[in-house]
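Comments concern the structure below.
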Amino acid sequence: MRRLLKNATIVRPYTATPFLEDGYVVIEGDTISAVGTGVPAEARFDEVIDLEGKIILPGMINAHTHLYSALALGMPPPRKRPVNFPEILAQVWWKLDRALDPESTRASFEAGLLECLRCGVTTVFDHHSSQNFISGSLDLLVETAEKLGMNVSMAFEITDRNGRKRFTSGLNENLSAFNNYQNHKYVHPMLGMHASFTLSDESLKAIRTALEPVAKWGIHIHVAEDKADQEDVHSRGYRSIVDRLQRFDLLNDESLIIHGLYLEPGDVETIKTCGAGLVHNPTSNANNRVGLLANRVINFLEAGLGTDGMQANMLAEAKEGTLIRSSHLEGGAESIDYAKLLFKHNPRIASRLFGHAIGLIAPGYQADLAIYDYRPKTFVNETNLSGHLLFGWGLPTDVMTRGSFQIRNQKFVNVSEEDILSNARIQSERLWQKMETIR
Ligand SMILES: [Zn+2]
């Protein structure tokens, strides 16, 4: 199948030609084969789509999220107000992830991924936890992502906090995902670990041993999100969490380190040397009141951008990240270019881990596109693109993945949005009631 999208403005942030007016994109199968201005020389196409001046962005990437929390929107707060990060986990998220069953997990995946696609997000790195529905949960995520034509990286959060049986099931769930999806083009399995402070030395050793026969693996883990994680690792006799992971030989260039607010001196160099990626989640850090990730860490490690389950909209995350940082900075102090995290660092991370080019409108890249009917009130061009992306843009009218429309004129092509949302509302009610019974 050869498709031509013509009469469009093509946005390619952080490239030599970030803004192509009167542009076209040629797509062969699931891949972009040509990008240019005017009309392509060759005129044989199976389908020609006139975008009538709309603007195309690359499908965006969320480098860390938790789809299992998709039904937490509007959830009643815990009876007792949590006073620190460990209490937030214990009173909110560790109740939610034990209350999830197959039906509510499916509804979370469906509603969560639907919302991503609606925001032009076509690749998601998910960190999943449903501690009473472990076996088969990652297959369910892959099945749901496939229905929506999305790229998904999945990992099941292994932890000690629910006993040995669930630890082993969690580990096995990750291992069977490596088995089933190692060579799947649109699926990238990772080894999910909750965090250093909920895993014993014995558990880390068991995980590393279990990975021996796996040809290619990387861990996906929360690191130093809060001081409590750092204090825990010191009490276990390690210099830092990164040091601990290294001693168990768990860090490699396929790994993703999430947060990293309380890294120790030398840790960023270690992460850089081993080639692991770091993902920054500004709205979640603000929500949990854990602090602000330092500029130098973000810049040195070329950090990616995630939402940690806070939202689906990556442009909103970039904007809010900018504002949160500004609220912490002195006048005149340098900030972070969040659009760069989203449009440069995330594509680099996703392309490396999935093993093919993702996240840019250029030949050879997967044809994932978000198409906008953006009518700006000021001129937009390559010099002021970031300002428009963060403060002007809206939602796409059309979203294409693997060269096919998933959303056309604001309507989902392959799924019923109404069915997914009405089921999600029923499941959320059931889920919240079930949480009430968990102590
Ligand atoms: Zn997270």
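Ligands are numbered from 1 in the order shown, residues from 1 within each chain, and chains are lettered A, B, ... in the order they appear in the structure tokens.
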Please extract the residues at most 7 Å from ligand 1, counting only C-alpha atoms and all ligand atoms, and provide them as a PDB file with N, CA, C and O atoms, in the first residue's frame, using the chain letters and residue numbers of this document.
ATOM      1  N   HIS A  64       7.239   7.066  30.106  1.00  0.00           N
ATOM      2  CA  HIS A  64       6.921   6.341  31.358  1.00  0.00           C
ATOM      3  C   HIS A  64       5.496   6.678  31.795  1.00  0.00           C
ATOM      4  O   HIS A  64       5.183   7.831  32.078  1.00  0.00           O
ATOM      5  N   THR A  65       4.664   5.651  31.859  1.00  0.00           N
ATOM      6  CA  THR A  65       3.324   5.888  32.403  1.00  0.00           C
ATOM      7  C   THR A  65       2.817   4.628  33.096  1.00  0.00           C
ATOM      8  O   THR A  65       3.472   3.578  33.086  1.00  0.00           O
ATOM      9  N   HIS A  66       1.675   4.758  33.751  1.00  0.00           N
ATOM     10  CA  HIS A  66       1.014   3.623  34.412  1.00  0.00           C
ATOM     11  C   HIS A  66      -0.432   3.614  33.938  1.00  0.00           C
ATOM     12  O   HIS A  66      -1.267   4.322  34.487  1.00  0.00           O
ATOM     13  N   HIS A 127       4.401   0.857  32.772  1.00  0.00           N
ATOM     14  CA  HIS A 127       4.946   0.164  33.942  1.00  0.00           C
ATOM     15  C   HIS A 127       3.718  -0.322  34.681  1.00  0.00           C
ATOM     16  O   HIS A 127       3.025   0.469  35.306  1.00  0.00           O
ATOM     17  N   HIS A 222      11.608   2.549  39.044  1.00  0.00           N
ATOM     18  CA  HIS A 222      11.613   3.853  39.728  1.00  0.00           C
ATOM     19  C   HIS A 222      12.880   3.939  40.585  1.00  0.00           C
ATOM     20  O   HIS A 222      13.150   3.040  41.373  1.00  0.00           O
ATOM     21  N   ILE A 258      13.691   5.646  36.130  1.00  0.00           N
ATOM     22  CA  ILE A 258      12.614   6.636  36.198  1.00  0.00           C
ATOM     23  C   ILE A 258      12.796   7.556  37.411  1.00  0.00           C
ATOM     24  O   ILE A 258      13.083   7.074  38.512  1.00  0.00           O
ATOM     25  N   ASP A 308       4.088   9.452  34.149  1.00  0.00           N
ATOM     26  CA  ASP A 308       3.909   8.677  35.373  1.00  0.00           C
ATOM     27  C   ASP A 308       2.425   8.456  35.693  1.00  0.00           C
ATOM     28  O   ASP A 308       2.037   8.425  36.855  1.00  0.00           O
ATOM     29  N   GLY A 309       1.594   8.371  34.656  1.00  0.00           N
ATOM     30  CA  GLY A 309       0.165   8.130  34.873  1.00  0.00           C
ATOM     31  C   GLY A 309      -0.654   9.373  35.166  1.00  0.00           C
ATOM     32  O   GLY A 309      -1.870   9.298  35.332  1.00  0.00           O
TER      33      GLY A 309
END
Residues of segment 253-360 of chain A at most 12 Å from segment 169-189 of chain A: nearest atom pair and distance in Å, only C-alpha atoms, as CSV:
residue,atom,partner,partner_atom,distance
A:Glu254,CA,A:Pro189,CA,10.6
A:Ser255,CA,A:Pro189,CA,11.0
A:Leu256,CA,A:Pro189,CA,12.0
A:Ile349,CA,A:His188,CA,12.0
A:Ala350,CA,A:His188,CA,9.4
A:Ser351,CA,A:His188,CA,10.8
A:Arg352,CA,A:His188,CA,10.7
A:Leu353,CA,A:His188,CA,7.1
A:Phe354,CA,A:His188,CA,5.8
A:Gly355,CA,A:Lys185,CA,8.0
A:His356,CA,A:Lys185,CA,8.2
A:Ala357,CA,A:Lys185,CA,11.0
A:Ile358,CA,A:Tyr186,CA,10.4
Self-check item: Who sits within 8 Å of segment 151-163 of chain A, only C-alpha atoms, same chain under 4 positions skipped, as a PyMOL selection string
Solution: chain A and resi 122-129+131+138+141-142+145-146+167+170-171+173-174+186-195+198-200+203+220
Quiz prompt | Nearest residue to Gly59 of chain A from the set A:Glu429, A:Glu269, A:Glu87, A:Asp398 (distances using only C-alpha atoms) | solution =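 Among the listed residues, the smallest separation from Gly59 of chain A belongs to A:Asp398.
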Self-check item: Contacts of segment 277-285 of chain A within 8 Å, only C-alpha atoms, excl. fewer than 2 positions in-chain, as a ChimeraX atom specification
Solution: /A:63-64,225,253-260,271,275,287-293,298,301-310,317,320-321,324,349
Exercise. Using only C-alpha atoms, find the one residue out of A:Tyr365, A:Tyr14, A:Tyr374, A:Tyr24 that sits nearest to Phe343 of chain A.
Key: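 The answer is A:Tyr14, which sits nearest to Phe343 of chain A.
Within 9 Å of Ser386 of chain A, once only C-alpha atoms are used and residues closer than 3 positions along the same chain are dropped, the contacting residues are Pro13, Asp337, Tyr338, Ala339, Lys340, Glu382, Thr383, Leu389, Leu390 and Phe391 of chain A.
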Writer output for current selection, C-alpha atoms, as a PDB file, in the first residue's frame:
ATOM      1  CA  PRO A  13      11.283  19.673  15.712  1.00  0.00           C
ATOM      2  CA  ASP A 337      13.540  23.004  27.014  1.00  0.00           C
ATOM      3  CA  TYR A 338      10.770  20.468  27.593  1.00  0.00           C
ATOM      4  CA  ALA A 339       9.858  20.324  23.889  1.00  0.00           C
ATOM      5  CA  LYS A 340      13.356  18.941  23.332  1.00  0.00           C
ATOM      6  CA  GLU A 382      10.583  27.359  12.649  1.00  0.00           C
ATOM      7  CA  THR A 383      11.831  30.097  14.997  1.00  0.00           C
ATOM      8  CA  LEU A 389       3.650  23.595  20.668  1.00  0.00           C
ATOM      9  CA  LEU A 390       3.535  24.264  24.407  1.00  0.00           C
ATOM     10  CA  PHE A 391       1.064  27.129  24.603  1.00  0.00           C
TER      11      PHE A 391
END
Exercise. Determine the nearest neighbour of Met150 of chain A from the options A:Thr168, A:Ser33, A:Asn414, A:Thr15, counting only C-alpha atoms.
Key: A:Asn414
Practice problem: Select from segment 15-72 of chain A everything DSSP, run on the backbone, classes as helix (DSSP H, G or I), then give the selection as a PyMOL selection string. | Solution: chain A and resi 67-72
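A straight line drawn from atom CA of Ala8 of chain A to atom CA of Ile361 of chain A is 12.3 Å long.
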Exercise. Excluding Trp432 of chain A and any residue of its chain fewer than 4 positions from it, enumerate the residues within 7 Å of it, using only C-alpha atoms, and give them as a ChimeraX atom specification.
Key: /A:75,428,436
Emit the selected residues as a short mmCIF file (atom, residue, chain, number, x, y, z; two decimals), in the first residue's frame, including C-alpha atoms.
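That gives us result-v7.cif:
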data_model
loop_
_atom_site.label_atom_id
_atom_site.label_comp_id
_atom_site.auth_asym_id
_atom_site.auth_seq_id
_atom_site.Cartn_x
_atom_site.Cartn_y
_atom_site.Cartn_z
CA MET A 75 -11.34 8.85 42.68
CA SER A 428 -14.20 2.46 37.83
CA GLU A 436 -12.61 0.66 50.20
#
